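Coordinates from protein-v3.txt are shown below (compact mmCIF, C-alpha atoms).
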```txt
# COMPACT_ATOMS: atom_id res chain seq x y z
CA MET A 5 -29.36 -52.82 8.81
CA HIS A 6 -27.63 -54.54 5.90
CA GLU A 7 -29.91 -56.33 3.43
CA ILE A 8 -27.64 -59.39 3.40
CA ALA A 9 -27.98 -59.78 7.19
CA ILE A 10 -31.76 -59.54 6.91
CA GLU A 11 -31.79 -62.11 4.11
CA GLN A 12 -29.59 -64.45 6.11
CA ALA A 13 -31.97 -64.18 9.04
CA ARG A 14 -35.00 -64.78 6.84
CA HIS A 15 -33.43 -67.86 5.25
CA ARG A 16 -32.45 -69.26 8.63
CA TRP A 17 -35.89 -68.43 9.96
CA ARG A 18 -37.50 -70.31 7.07
CA ARG A 19 -35.26 -73.35 7.64
CA THR A 20 -36.08 -73.39 11.34
CA THR A 21 -39.81 -72.83 11.10
CA SER A 22 -40.40 -75.11 8.10
CA SER A 23 -38.10 -77.93 9.11
CA GLY A 24 -38.15 -77.54 12.87
CA ILE A 25 -34.40 -78.09 13.01
CA ARG A 26 -33.17 -77.59 16.55
CA ALA A 27 -29.70 -76.29 17.15
CA GLY A 28 -27.74 -75.07 20.13
CA ASN A 29 -30.00 -74.04 22.99
CA TYR A 30 -32.91 -73.20 20.69
CA ASP A 31 -35.68 -75.77 20.71
CA GLY A 32 -38.77 -73.73 19.99
CA ARG A 33 -40.52 -72.37 16.90
CA LEU A 34 -40.70 -68.73 16.00
CA ASP A 35 -43.66 -67.17 14.26
CA ARG A 36 -42.71 -66.10 10.74
CA LYS A 37 -45.26 -63.27 10.65
CA SER A 38 -44.10 -61.79 13.96
CA PHE A 39 -40.48 -62.01 12.78
CA SER A 40 -41.31 -60.01 9.64
CA TYR A 41 -43.07 -57.43 11.82
CA VAL A 42 -40.09 -57.15 14.16
CA VAL A 43 -37.59 -56.88 11.32
CA GLY A 44 -39.64 -54.16 9.73
CA ARG A 45 -40.44 -52.05 12.79
CA SER A 46 -38.41 -52.81 15.90
CA ARG A 47 -35.46 -50.63 16.87
CA GLY A 48 -33.83 -53.73 18.37
CA VAL A 49 -33.81 -55.62 15.08
CA GLN A 50 -30.02 -55.79 14.85
CA GLU A 51 -29.73 -57.47 18.24
CA LEU A 52 -32.54 -59.90 17.39
CA VAL A 53 -31.02 -60.89 14.06
CA ALA A 54 -27.55 -61.19 15.58
CA GLN A 55 -28.88 -63.48 18.30
CA PHE A 56 -30.77 -65.56 15.76
CA LEU A 57 -27.80 -65.90 13.41
CA ASN A 58 -25.46 -66.94 16.20
CA MET A 59 -27.58 -69.80 17.55
CA ALA A 60 -25.47 -72.45 15.83
CA LYS A 61 -23.89 -73.37 12.54
CA TRP A 62 -25.74 -75.49 10.02
CA HIS A 63 -23.91 -78.51 8.65
CA TYR A 64 -24.91 -79.84 5.25
CA LEU A 65 -23.56 -82.55 2.97
CA LEU A 66 -23.47 -82.62 -0.84
CA LEU A 67 -22.65 -85.91 -2.55
CA GLY A 68 -21.44 -86.58 -6.08
CA ALA A 69 -20.50 -89.69 -8.05
CA GLY A 70 -17.14 -89.88 -6.30
CA PHE A 71 -18.95 -90.82 -3.09
CA SER A 72 -20.52 -93.94 -4.59
CA ARG A 73 -17.17 -94.74 -6.21
CA ASN A 74 -15.93 -95.87 -2.79
CA TRP A 75 -18.35 -98.83 -3.01
CA GLY A 76 -17.73 -99.62 -6.67
CA GLY A 77 -19.91 -97.01 -8.34
CA TRP A 78 -18.83 -95.71 -11.74
CA LEU A 79 -17.55 -92.24 -12.55
CA ALA A 80 -18.39 -90.43 -15.79
CA ASP A 81 -15.46 -91.88 -17.79
CA GLU A 82 -16.37 -95.39 -16.64
CA VAL A 83 -20.02 -94.82 -17.58
CA PHE A 84 -18.83 -93.78 -21.04
CA GLU A 85 -16.91 -97.04 -21.39
CA TYR A 86 -19.88 -99.06 -20.12
CA LEU A 87 -22.20 -97.45 -22.64
CA LEU A 88 -19.93 -98.37 -25.55
CA GLY A 89 -20.78 -102.01 -24.89
CA ARG A 90 -24.54 -101.63 -24.53
CA PRO A 91 -26.60 -103.28 -27.32
CA GLU A 92 -28.41 -99.98 -28.02
CA ILE A 93 -25.09 -98.30 -28.73
CA VAL A 94 -23.36 -101.18 -30.51
CA ALA A 95 -26.25 -101.33 -32.98
CA SER A 96 -26.00 -97.64 -33.94
CA GLU A 97 -22.93 -96.26 -35.68
CA GLU A 98 -24.38 -92.77 -35.35
CA LEU A 99 -24.75 -93.06 -31.57
CA ARG A 100 -21.22 -94.44 -31.25
CA ARG A 101 -19.86 -91.54 -33.28
CA ILE A 102 -21.68 -88.98 -31.15
CA LEU A 103 -20.45 -90.60 -27.93
CA TRP A 104 -16.83 -90.62 -29.09
CA GLU A 105 -17.06 -87.00 -30.23
CA SER A 106 -18.44 -86.08 -26.79
CA GLN A 107 -15.83 -87.98 -24.78
CA LEU A 108 -13.63 -84.97 -24.00
CA ARG A 109 -16.48 -82.45 -23.83
CA GLY A 110 -18.48 -83.92 -20.98
CA GLY A 111 -18.98 -87.55 -21.95
CA PHE A 112 -22.40 -89.15 -22.26
CA GLU A 113 -24.16 -86.14 -20.70
CA TYR A 114 -22.78 -83.86 -23.39
CA ALA A 115 -23.86 -86.39 -26.03
CA LEU A 116 -27.36 -86.32 -24.57
CA GLU A 117 -27.31 -82.52 -24.54
CA VAL A 118 -26.43 -82.43 -28.24
CA LEU A 119 -29.11 -84.98 -29.10
CA GLN A 120 -31.76 -83.28 -26.96
CA ALA A 121 -31.06 -79.97 -28.70
CA ALA A 122 -31.41 -81.61 -32.11
CA ALA A 123 -34.61 -83.35 -31.03
CA GLY A 124 -35.95 -79.99 -29.87
CA ARG A 125 -35.45 -78.69 -33.40
CA GLY A 126 -37.64 -81.48 -34.73
CA ASP A 127 -35.00 -84.05 -35.68
CA SER A 128 -36.86 -87.36 -35.31
CA GLY A 129 -33.66 -89.37 -35.65
CA ALA A 130 -32.16 -87.47 -32.72
CA SER A 131 -35.29 -88.14 -30.65
CA ASP A 132 -34.84 -91.86 -31.25
CA HIS A 133 -31.18 -91.63 -30.24
CA VAL A 134 -32.14 -89.78 -27.05
CA GLU A 135 -34.47 -92.59 -26.01
CA LYS A 136 -31.88 -95.26 -26.79
CA LEU A 137 -29.15 -93.47 -24.88
CA LYS A 138 -31.43 -92.88 -21.89
CA ALA A 139 -32.39 -96.56 -21.88
CA ALA A 140 -28.71 -97.49 -21.85
CA VAL A 141 -28.05 -95.11 -18.94
CA VAL A 142 -30.94 -96.57 -16.93
CA ALA A 143 -29.57 -100.06 -17.59
CA MET A 144 -26.20 -98.87 -16.29
CA PHE A 145 -27.80 -97.65 -13.05
CA ASP A 146 -29.64 -100.96 -12.71
CA GLU A 147 -26.39 -102.91 -12.90
CA MET A 148 -24.70 -100.59 -10.44
CA ASN A 149 -27.63 -100.78 -8.01
CA TYR A 150 -27.70 -104.57 -8.03
CA ALA A 151 -23.99 -104.54 -7.30
CA PHE A 152 -24.68 -102.25 -4.32
CA ASP A 153 -27.40 -104.66 -3.21
CA ASP A 154 -24.84 -107.47 -2.99
CA ILE A 155 -22.68 -105.54 -0.50
CA VAL A 156 -23.15 -107.28 2.85
CA ASN A 157 -21.71 -104.52 5.05
CA TRP A 158 -21.09 -101.08 3.65
CA GLU A 159 -19.30 -99.78 6.73
CA LEU A 160 -15.63 -98.94 6.20
CA SER A 161 -14.64 -99.46 9.82
CA ASP A 162 -15.54 -101.87 12.63
CA GLN A 163 -15.37 -99.01 15.13
CA HIS A 164 -18.79 -97.43 15.77
CA ASP A 165 -17.46 -93.88 16.12
CA SER A 166 -15.69 -94.00 12.77
CA GLN A 167 -18.39 -95.69 10.72
CA ILE A 168 -19.86 -93.90 7.72
CA SER A 169 -23.45 -94.14 9.01
CA THR A 170 -22.46 -92.50 12.30
CA PHE A 171 -20.78 -89.72 10.34
CA LEU A 172 -23.75 -89.12 8.01
CA MET A 173 -26.15 -88.78 10.94
CA LYS A 174 -24.32 -85.64 12.07
CA PHE A 175 -25.60 -83.52 9.18
CA ASP A 176 -28.68 -81.29 9.30
CA ALA A 177 -29.54 -82.50 5.80
CA ILE A 178 -27.97 -84.55 3.01
CA PHE A 179 -28.17 -83.40 -0.60
CA SER A 180 -27.09 -85.65 -3.45
CA LEU A 181 -26.54 -85.31 -7.18
CA ASN A 182 -26.40 -89.09 -7.49
CA GLN A 183 -29.28 -91.12 -8.91
CA ASP A 184 -28.13 -94.52 -7.74
CA LEU A 185 -29.63 -96.30 -4.71
CA LEU A 186 -26.56 -96.75 -2.51
CA LEU A 187 -27.89 -94.69 0.41
CA GLU A 188 -31.40 -96.11 0.14
CA ARG A 189 -29.99 -99.63 0.36
CA HIS A 190 -27.37 -99.19 3.08
CA TYR A 191 -28.19 -96.01 5.01
CA LEU A 192 -31.86 -95.05 4.98
CA SER A 193 -32.98 -98.65 5.54
CA GLY A 194 -30.34 -99.35 8.20
CA ASN A 195 -31.93 -97.50 11.16
CA PRO A 196 -29.24 -94.81 11.24
CA GLU A 197 -31.23 -92.87 13.85
CA LEU A 198 -30.03 -95.35 16.48
CA ARG A 199 -26.65 -93.64 16.20
CA HIS A 200 -28.10 -90.22 17.08
CA PRO A 201 -31.41 -90.96 18.91
CA GLU A 202 -31.49 -87.71 20.85
CA ARG A 203 -31.90 -85.84 17.59
CA TRP A 204 -33.43 -88.08 14.91
CA ILE A 205 -36.02 -90.83 14.71
CA GLY A 206 -35.09 -91.70 11.13
CA ALA A 207 -33.75 -90.54 7.77
CA ALA A 208 -35.85 -90.33 4.62
CA MET A 209 -36.52 -88.62 1.30
CA PRO A 210 -39.31 -86.06 1.83
CA GLY A 211 -42.16 -85.79 -0.64
CA ILE A 212 -42.14 -89.38 -1.88
CA ALA A 213 -43.51 -92.71 -0.65
CA PRO A 214 -42.91 -96.34 -1.64
CA ILE A 215 -45.42 -97.98 -3.95
CA ALA A 216 -46.85 -101.07 -2.25
CA ALA A 217 -44.78 -104.05 -3.33
CA PRO A 218 -44.30 -106.45 -0.40
CA THR A 219 -41.85 -108.73 -2.20
CA ALA A 220 -39.68 -105.99 -3.69
CA SER A 221 -36.18 -105.40 -2.39
CA ILE A 222 -34.93 -101.88 -1.73
CA ILE A 223 -33.34 -101.97 -5.19
CA GLY A 224 -36.49 -103.22 -6.91
CA GLN A 225 -38.82 -100.86 -5.07
CA ARG A 226 -40.56 -98.06 -7.00
CA TRP A 227 -41.39 -94.76 -5.29
CA GLN A 228 -44.28 -92.41 -5.98
CA ILE A 229 -43.87 -88.65 -5.89
CA LEU A 230 -46.58 -87.19 -3.66
CA ALA A 231 -48.89 -84.27 -4.41
CA ASP A 232 -47.39 -80.81 -4.00
CA ASP A 233 -49.31 -80.11 -0.79
CA GLU A 234 -47.60 -83.14 0.78
CA PHE A 235 -44.11 -81.72 0.29
CA LYS A 236 -43.27 -81.42 3.98
CA ILE A 237 -40.25 -82.00 6.20
CA ASP A 238 -40.59 -83.79 9.52
CA ALA A 239 -38.34 -82.10 12.09
CA ARG A 240 -37.53 -85.49 13.64
CA ILE A 241 -36.35 -87.12 10.41
CA GLN A 242 -33.06 -86.28 8.71
CA PRO A 243 -33.94 -85.20 5.14
CA TYR A 244 -32.17 -86.74 2.16
CA PHE A 245 -32.70 -84.70 -1.03
CA LYS A 246 -31.83 -86.21 -4.43
CA LEU A 247 -31.47 -83.01 -6.44
CA HIS A 248 -31.37 -84.74 -9.83
CA GLY A 249 -34.05 -87.32 -9.16
CA SER A 250 -33.65 -91.07 -8.97
CA THR A 251 -33.74 -94.17 -11.11
CA ASN A 252 -36.76 -95.59 -9.26
CA TRP A 253 -39.14 -92.64 -8.89
CA ASN A 254 -42.51 -92.32 -10.58
CA SER A 255 -43.93 -88.85 -11.14
CA ARG A 256 -47.65 -88.16 -10.78
CA ASP A 257 -48.13 -88.90 -14.48
CA GLY A 258 -46.36 -92.26 -14.14
CA LYS A 259 -43.15 -91.21 -15.83
CA GLY A 260 -39.67 -91.42 -14.35
CA THR A 261 -37.79 -88.51 -12.81
CA LEU A 262 -34.16 -88.58 -13.89
CA VAL A 263 -32.24 -85.39 -14.70
CA ILE A 264 -29.42 -86.18 -17.12
CA GLY A 265 -28.01 -84.45 -20.18
CA GLY A 266 -28.14 -80.74 -20.86
CA ASN A 267 -30.30 -77.92 -19.54
CA LYS A 268 -30.71 -79.42 -16.08
CA THR A 269 -32.16 -76.17 -14.74
CA GLU A 270 -35.09 -76.48 -17.14
CA ALA A 271 -35.56 -80.16 -16.30
CA ILE A 272 -35.59 -79.37 -12.56
CA GLY A 273 -38.07 -76.53 -13.16
CA GLY A 274 -40.40 -78.97 -14.90
CA SER A 275 -40.59 -81.22 -11.84
CA PRO A 276 -42.43 -79.92 -8.76
CA ILE A 277 -40.52 -82.14 -6.34
CA LEU A 278 -37.11 -81.32 -7.82
CA THR A 279 -37.99 -77.62 -7.81
CA TRP A 280 -38.82 -77.93 -4.11
CA TYR A 281 -35.63 -79.89 -3.42
CA PHE A 282 -33.55 -77.26 -5.21
CA ARG A 283 -35.17 -74.47 -3.22
CA GLU A 284 -34.40 -76.34 -0.01
CA PHE A 285 -30.77 -76.60 -1.14
CA GLU A 286 -30.71 -72.87 -1.88
CA ALA A 287 -32.29 -72.02 1.49
CA ALA A 288 -29.71 -74.21 3.26
CA LEU A 289 -26.72 -72.57 1.60
CA PHE A 290 -28.07 -69.06 2.15
CA ALA A 291 -29.07 -69.66 5.77
CA GLY A 292 -26.06 -67.87 7.21
CA ASP A 293 -23.38 -69.63 9.29
CA ALA A 294 -23.79 -72.63 6.99
CA ARG A 295 -21.09 -75.17 6.26
CA LEU A 296 -21.22 -77.50 3.27
CA MET A 297 -19.11 -80.62 3.06
CA VAL A 298 -18.76 -81.79 -0.54
CA ILE A 299 -17.79 -85.42 -1.16
CA GLY A 300 -17.15 -86.73 -4.65
CA TYR A 301 -18.63 -83.84 -6.65
CA GLY A 302 -16.44 -82.62 -9.51
CA PHE A 303 -17.99 -79.11 -9.69
CA ARG A 304 -19.11 -79.50 -13.30
CA ASP A 305 -22.81 -78.62 -12.92
CA GLN A 306 -23.12 -74.89 -13.43
CA HIS A 307 -26.50 -74.54 -11.68
CA ILE A 308 -25.01 -76.07 -8.54
CA ASN A 309 -21.79 -74.06 -8.79
CA ASP A 310 -23.71 -70.81 -9.19
CA LEU A 311 -25.57 -71.36 -5.91
CA ILE A 312 -22.38 -72.24 -4.05
CA ILE A 313 -20.54 -69.20 -5.42
CA ARG A 314 -23.34 -66.82 -4.44
CA ALA A 315 -23.68 -68.35 -0.98
CA VAL A 316 -19.94 -68.06 -0.34
CA ASN A 317 -19.78 -64.47 -1.56
CA HIS A 318 -22.95 -63.12 0.04
CA CYS A 319 -23.81 -65.33 3.02
CA GLY A 320 -20.46 -66.57 4.26
CA LEU A 321 -20.90 -70.23 3.27
CA LYS A 322 -17.87 -72.33 4.24
CA LEU A 323 -16.78 -75.40 2.31
CA PHE A 324 -14.95 -78.63 3.08
CA VAL A 325 -14.04 -80.57 -0.06
CA VAL A 326 -13.31 -84.29 -0.24
CA SER A 327 -11.96 -85.20 -3.67
CA PRO A 328 -8.72 -86.43 -5.25
CA GLU A 329 -7.80 -82.81 -6.06
CA GLY A 330 -8.84 -81.45 -2.67
CA ALA A 331 -8.78 -77.66 -2.55
CA GLY A 332 -7.44 -77.68 -6.11
CA GLN A 333 -10.71 -79.05 -7.56
CA ALA A 334 -11.90 -75.63 -8.76
CA ARG A 335 -8.63 -75.02 -10.60
CA LEU A 336 -8.97 -78.42 -12.29
CA VAL A 337 -12.35 -77.57 -13.85
CA ASN A 338 -11.35 -74.03 -14.85
CA ARG A 339 -11.53 -73.87 -18.65
CA SER A 340 -8.21 -72.03 -18.78
CA ALA A 341 -6.46 -74.81 -16.84
CA GLY A 342 -3.47 -76.14 -18.72
CA GLY A 343 -3.33 -73.14 -21.04
CA ALA A 344 -0.49 -70.68 -21.45
CA ILE A 345 -2.34 -68.15 -19.30
CA HIS A 346 -4.35 -69.25 -16.26
CA ALA A 347 -7.22 -66.93 -15.40
CA SER A 348 -8.92 -67.44 -12.06
CA ASP A 349 -12.69 -67.80 -12.44
CA LYS A 350 -15.61 -67.26 -10.05
CA LEU A 351 -15.47 -70.79 -8.69
CA GLU A 352 -11.76 -70.55 -7.90
CA SER A 353 -12.36 -67.23 -6.16
CA ALA A 354 -15.17 -68.80 -4.13
CA PHE A 355 -12.82 -71.63 -3.12
CA GLU A 356 -10.19 -69.15 -1.99
CA ARG A 357 -12.77 -67.34 0.09
CA GLY A 358 -14.86 -70.22 1.39
CA VAL A 359 -12.82 -73.43 1.70
CA ILE A 360 -11.95 -74.18 5.33
CA GLY A 361 -10.55 -77.65 4.75
CA ALA A 362 -10.11 -80.48 2.28
CA SER A 363 -9.06 -84.10 2.00
CA ARG A 364 -7.59 -85.87 -1.03
CA ARG A 365 -7.97 -89.35 0.48
CA GLY A 366 -10.62 -91.93 -0.40
CA LEU A 367 -13.29 -92.72 2.17
CA LYS A 368 -11.93 -96.21 2.78
CA GLU A 369 -8.65 -94.68 3.92
CA ILE A 370 -10.32 -91.87 5.88
CA PHE A 371 -12.79 -93.99 7.82
CA GLY A 372 -10.81 -97.19 7.89
CA GLY A 373 -7.71 -95.66 9.43
CA ARG A 374 -9.11 -93.54 12.31
CA GLY A 375 -6.15 -91.24 11.76
CA ALA A 376 -5.41 -87.62 10.98
CA GLU A 377 -7.68 -87.45 7.93
CA LEU A 378 -10.77 -88.51 9.88
CA ALA A 379 -9.89 -86.00 12.59
CA LYS A 380 -9.71 -83.35 9.88
CA LEU A 381 -13.27 -84.17 8.76
CA GLU A 382 -14.51 -84.18 12.35
CA ARG A 383 -13.15 -80.64 12.88
CA TYR A 384 -15.60 -79.49 10.22
CA PHE A 385 -18.34 -79.81 12.88
CA SER A 386 -16.47 -77.83 15.55
```
Could you write out this structure as structure tokens?
Amino acid sequence: MHEIAIEQARHRWRRTTSSGIRAGNYDGRLDRKSFSYVVGRSRGVQELVAQFLNMAKWHYLLLGAGFSRNWGGWLADEVFEYLLGRPEIVASEELRRILWESQLRGGFEYALEVLQAAAGRGDSGASDHVEKLKAAVVAMFDEMNYAFDDIVNWELSDQHDSQISTFLMKFDAIFSLNQDLLLERHYLSGNPELRHPERWIGAAMPGIAPIAAPTASIIGQRWQILADDEFKIDARIQPYFKLHGSTNWNSRDGKGTLVIGGNKTEAIGGSPILTWYFREFEAALFAGDARLMVIGYGFRDQHINDLIIRAVNHCGLKLFVVSPEGAGQARLVNRSAGGAIHASDKLESAFERGVIGASRRGLKEIFGGRGAELAKLERYFS
């Protein structure tokens, strides 16, 4: 029995028993202890694992900034330009210099990475700059969120079957690298379960709860991260995982939870809920027979890329990419791109092995047109 097959079965078993996700003709729960016993001792283990792995495919969604861009959200270059006009930045020649020097190296997140490293070495001036830059970034999210709040109808089509909420409800789970509140405002609070009532009774972020504030809007609402022993997934509720935290979360110590800048792996490891979210993402990708649709992510976060590459290479993860570069997105972010000699890297190799489709169109065109591009996305589920 190959170790990879056993690991795939264990990951899928964990997803099914912990989340209660029902797929295909399987609607029961299997005992994790008895499964381990069978895998370890039964002569029929290969048949059992094969049957378990073939129950159905898992369909997951990963969102990046390009998703929110369809409703007016800002991409990294636009955030850079916004920050240049913030009072905190205008008042500091040093901060402006660092931002400009970072423009072509990763923008404001690279600037934060440089400043955080200097602050870690005891540079008090850098620590002050870190706080000012973070405050400017939070102000940027606030402006973007209030703009989202003003959107009366976020749907891109007047046809129920081709509306974005109907589409999102089809996924076993949604993962996001975004920290804005677009989905909280227009999806989670919009009773999306009515579009798929035989499967879901709602959609929510597990492990957090709203802080009582009767007069607060969705945008003004603060959320409290629950205790570790309350990190649970309800099988009837579609889970929405914000892998890098959110602008409106409070941790148990009252601080915010927003992963920006450098060393995101360390920042995630320092947050119990984000550690749990990341493990759920890993378990999903390594479940076996998993498909991941990626919308608006530029593949520039190495900790995310590493998981995707490993899942493609070792567990057969399949990808569908929606971005302006389509299937060429990996080539775009390759450091040798544009040079005299192009050397394929691990991400490009994973694309060549795992991509089963792509679209270069914006979501307004895809969902507003009900044409060939939407049909292409729908085939991802077949």
Original post:
Restricting the calculation to all atoms listed in the file, which member of A:Phe324, A:Gly302, A:Asn157, A:Cys319 is positioned closest to Leu336 in chain A?
Top reply: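 Among the listed residues, the smallest separation from Leu336 in chain A belongs to A:Gly302.
Within the 7 Å cut-off around range 363-365 of chain A, using only C-alpha atoms and omitting residues fewer than 5 positions from it on the same chain, the listed residues are Val325, Val326, Ser327, Pro328, Glu329, Gly330, Ile370 and Glu377 of chain A.
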Original post:
By how many Å are CA of Lys380 in chain A and CA of Val298 in chain A apart?
Top reply: 13.9 Å
**OP:** Quick one: everything within 10 Å of Gly320 in chain A, counting all atoms listed in the file, minus sequence neighbours fewer than 4 positions away in the same chain. Send it as JSON, numbers by chain.
**Re:** {"A": [12, 289, 290, 291, 292, 293, 294, 295, 314, 315, 316, 357, 358]}
Subject >> CA of Leu66 in chain A to CA of Phe179 in chain A, distance in Å rounded to a single decimal >> reply: 4.8 Å
Sorted by chain and rising residue number, which residues of range 214-236 of chain A lie within 9 Å of range 180-197 of chain A, and what are their closest atom pairs and distances in Å to one decimal, counting all atoms listed in the file, as JSON lines?
```
{"residue": "A:Ser221", "atom": "CA", "partner": "A:Arg189", "partner_atom": "CA", "distance": 8.9}
{"residue": "A:Ile222", "atom": "CA", "partner": "A:Arg189", "partner_atom": "CA", "distance": 5.8}
{"residue": "A:Ile223", "atom": "CA", "partner": "A:Leu185", "partner_atom": "CA", "distance": 6.8}
```
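A straight line drawn from CA of Leu296 in chain A to CA of Asn338 in chain A is 20.9 Å long.
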Subject >> Shortest interatomic distance to Gln225 in chain A - which of A:Ala95, A:Phe371, A:Arg203, A:Asp146, counting all atoms listed in the file >> reply: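 Nearest to Gln225 in chain A: A:Asp146.
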Select, counting all atoms listed in the file, all protein, DNA and RNA residues no farther than 9 Å from (-44.6, -92.4, 0.5) in file coordinates, and express the selection as a PDB file with C-alpha atoms, keeping the file's coordinate frame.
```pdb
ATOM      1  CA  MET A 209     -36.520 -88.620   1.300  1.00  0.00           C
ATOM      2  CA  PRO A 210     -39.310 -86.060   1.830  1.00  0.00           C
ATOM      3  CA  GLY A 211     -42.160 -85.790  -0.640  1.00  0.00           C
ATOM      4  CA  ILE A 212     -42.140 -89.380  -1.880  1.00  0.00           C
ATOM      5  CA  ALA A 213     -43.510 -92.710  -0.650  1.00  0.00           C
ATOM      6  CA  PRO A 214     -42.910 -96.340  -1.640  1.00  0.00           C
ATOM      7  CA  ILE A 215     -45.420 -97.980  -3.950  1.00  0.00           C
ATOM      8  CA  TRP A 227     -41.390 -94.760  -5.290  1.00  0.00           C
ATOM      9  CA  GLN A 228     -44.280 -92.410  -5.980  1.00  0.00           C
ATOM     10  CA  ILE A 229     -43.870 -88.650  -5.890  1.00  0.00           C
ATOM     11  CA  LEU A 230     -46.580 -87.190  -3.660  1.00  0.00           C
TER      12      LEU A 230
END
```
Original post:
For Phe152 in chain A, which of A:Gln107, A:Ser72, A:Thr251, A:Ser169 is the closest residue, counting only C-alpha atoms?
Top reply: A:Ser72
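Minimum atom-to-atom distances from A:Ile102, A:Met173, A:Ala379, A:Ile312 to Phe84 in chain A were compared using only C-alpha atoms, and the lowest value belongs to A:Ile102.
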**OP:** Would you kindly identify which residues have an atom no farther than 12 Å from (-37.3, -76.7, -13.8), using all atoms listed in the file and the file's own coordinates, and write them out as a list in words?
**Re:**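 Taken together, the residues in range are Leu247, His248, Thr261, Val263, Asn267, Lys268, Thr269, Glu270, Ala271, Ile272, Gly273, Gly274, Ser275, Pro276, Ile277, Leu278, Thr279, Trp280, Tyr281, Phe282, Arg283 and His307 of chain A.
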Contact residues around Tyr114 in chain A with only C-alpha atoms at 9 Å, ignoring same-chain residues under 6 positions, as a PDB file with C-alpha atoms, keeping the file's coordinate frame:
```
ATOM      1  CA  LEU A 103     -20.450 -90.600 -27.930  1.00  0.00           C
ATOM      2  CA  SER A 106     -18.440 -86.080 -26.790  1.00  0.00           C
ATOM      3  CA  GLN A 107     -15.830 -87.980 -24.780  1.00  0.00           C
ATOM      4  CA  GLY A 265     -28.010 -84.450 -20.180  1.00  0.00           C
ATOM      5  CA  GLY A 266     -28.140 -80.740 -20.860  1.00  0.00           C
TER       6      GLY A 266
END
```
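Here the question is which of A:Thr170, A:Asp349, A:Glu113, A:Val142 gets nearest to Leu198 in chain A using only C-alpha atoms, and that residue is A:Thr170.
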Since the input has fewer atoms than a full residue there, write range 357-370 of chain A out with N, CA and C atoms, as a PDB file, in the coordinates of the input.
```pdb
ATOM      1  N   ARG A 357     -12.071 -68.052  -0.973  1.00  0.00           N
ATOM      2  CA  ARG A 357     -12.770 -67.340   0.090  1.00  0.00           C
ATOM      3  C   ARG A 357     -13.480 -68.268   1.066  1.00  0.00           C
ATOM      4  N   GLY A 358     -13.983 -69.409   0.572  1.00  0.00           N
ATOM      5  CA  GLY A 358     -14.860 -70.220   1.390  1.00  0.00           C
ATOM      6  C   GLY A 358     -14.330 -71.548   1.904  1.00  0.00           C
ATOM      7  N   VAL A 359     -13.289 -72.110   1.277  1.00  0.00           N
ATOM      8  CA  VAL A 359     -12.820 -73.430   1.700  1.00  0.00           C
ATOM      9  C   VAL A 359     -12.107 -73.348   3.048  1.00  0.00           C
ATOM     10  N   ILE A 360     -12.567 -74.151   4.001  1.00  0.00           N
ATOM     11  CA  ILE A 360     -11.950 -74.180   5.330  1.00  0.00           C
ATOM     12  C   ILE A 360     -11.266 -75.519   5.597  1.00  0.00           C
ATOM     13  N   GLY A 361     -11.221 -76.369   4.593  1.00  0.00           N
ATOM     14  CA  GLY A 361     -10.550 -77.650   4.750  1.00  0.00           C
ATOM     15  C   GLY A 361     -10.798 -78.537   3.549  1.00  0.00           C
ATOM     16  N   ALA A 362      -9.960 -79.550   3.389  1.00  0.00           N
ATOM     17  CA  ALA A 362     -10.110 -80.480   2.280  1.00  0.00           C
ATOM     18  C   ALA A 362      -9.370 -81.765   2.589  1.00  0.00           C
ATOM     19  N   SER A 363      -9.765 -82.819   1.905  1.00  0.00           N
ATOM     20  CA  SER A 363      -9.060 -84.100   2.000  1.00  0.00           C
ATOM     21  C   SER A 363      -8.974 -84.708   0.610  1.00  0.00           C
ATOM     22  N   ARG A 364      -7.799 -85.230   0.274  1.00  0.00           N
ATOM     23  CA  ARG A 364      -7.590 -85.870  -1.030  1.00  0.00           C
ATOM     24  C   ARG A 364      -7.672 -87.397  -0.925  1.00  0.00           C
ATOM     25  N   ARG A 365      -7.944 -87.909   0.267  1.00  0.00           N
ATOM     26  CA  ARG A 365      -7.970 -89.350   0.480  1.00  0.00           C
ATOM     27  C   ARG A 365      -9.351 -89.941   0.146  1.00  0.00           C
ATOM     28  N   GLY A 366      -9.369 -91.219  -0.204  1.00  0.00           N
ATOM     29  CA  GLY A 366     -10.620 -91.930  -0.400  1.00  0.00           C
ATOM     30  C   GLY A 366     -11.276 -92.231   0.934  1.00  0.00           C
ATOM     31  N   LEU A 367     -12.577 -92.497   0.920  1.00  0.00           N
ATOM     32  CA  LEU A 367     -13.290 -92.720   2.170  1.00  0.00           C
ATOM     33  C   LEU A 367     -12.831 -93.981   2.882  1.00  0.00           C
ATOM     34  N   LYS A 368     -12.406 -94.986   2.141  1.00  0.00           N
ATOM     35  CA  LYS A 368     -11.930 -96.210   2.780  1.00  0.00           C
ATOM     36  C   LYS A 368     -10.699 -95.914   3.640  1.00  0.00           C
ATOM     37  N   GLU A 369      -9.839 -95.045   3.146  1.00  0.00           N
ATOM     38  CA  GLU A 369      -8.650 -94.680   3.920  1.00  0.00           C
ATOM     39  C   GLU A 369      -9.013 -93.765   5.076  1.00  0.00           C
ATOM     40  N   ILE A 370      -9.937 -92.824   4.841  1.00  0.00           N
ATOM     41  CA  ILE A 370     -10.320 -91.870   5.880  1.00  0.00           C
ATOM     42  C   ILE A 370     -10.991 -92.573   7.050  1.00  0.00           C
TER      43      ILE A 370
END
```
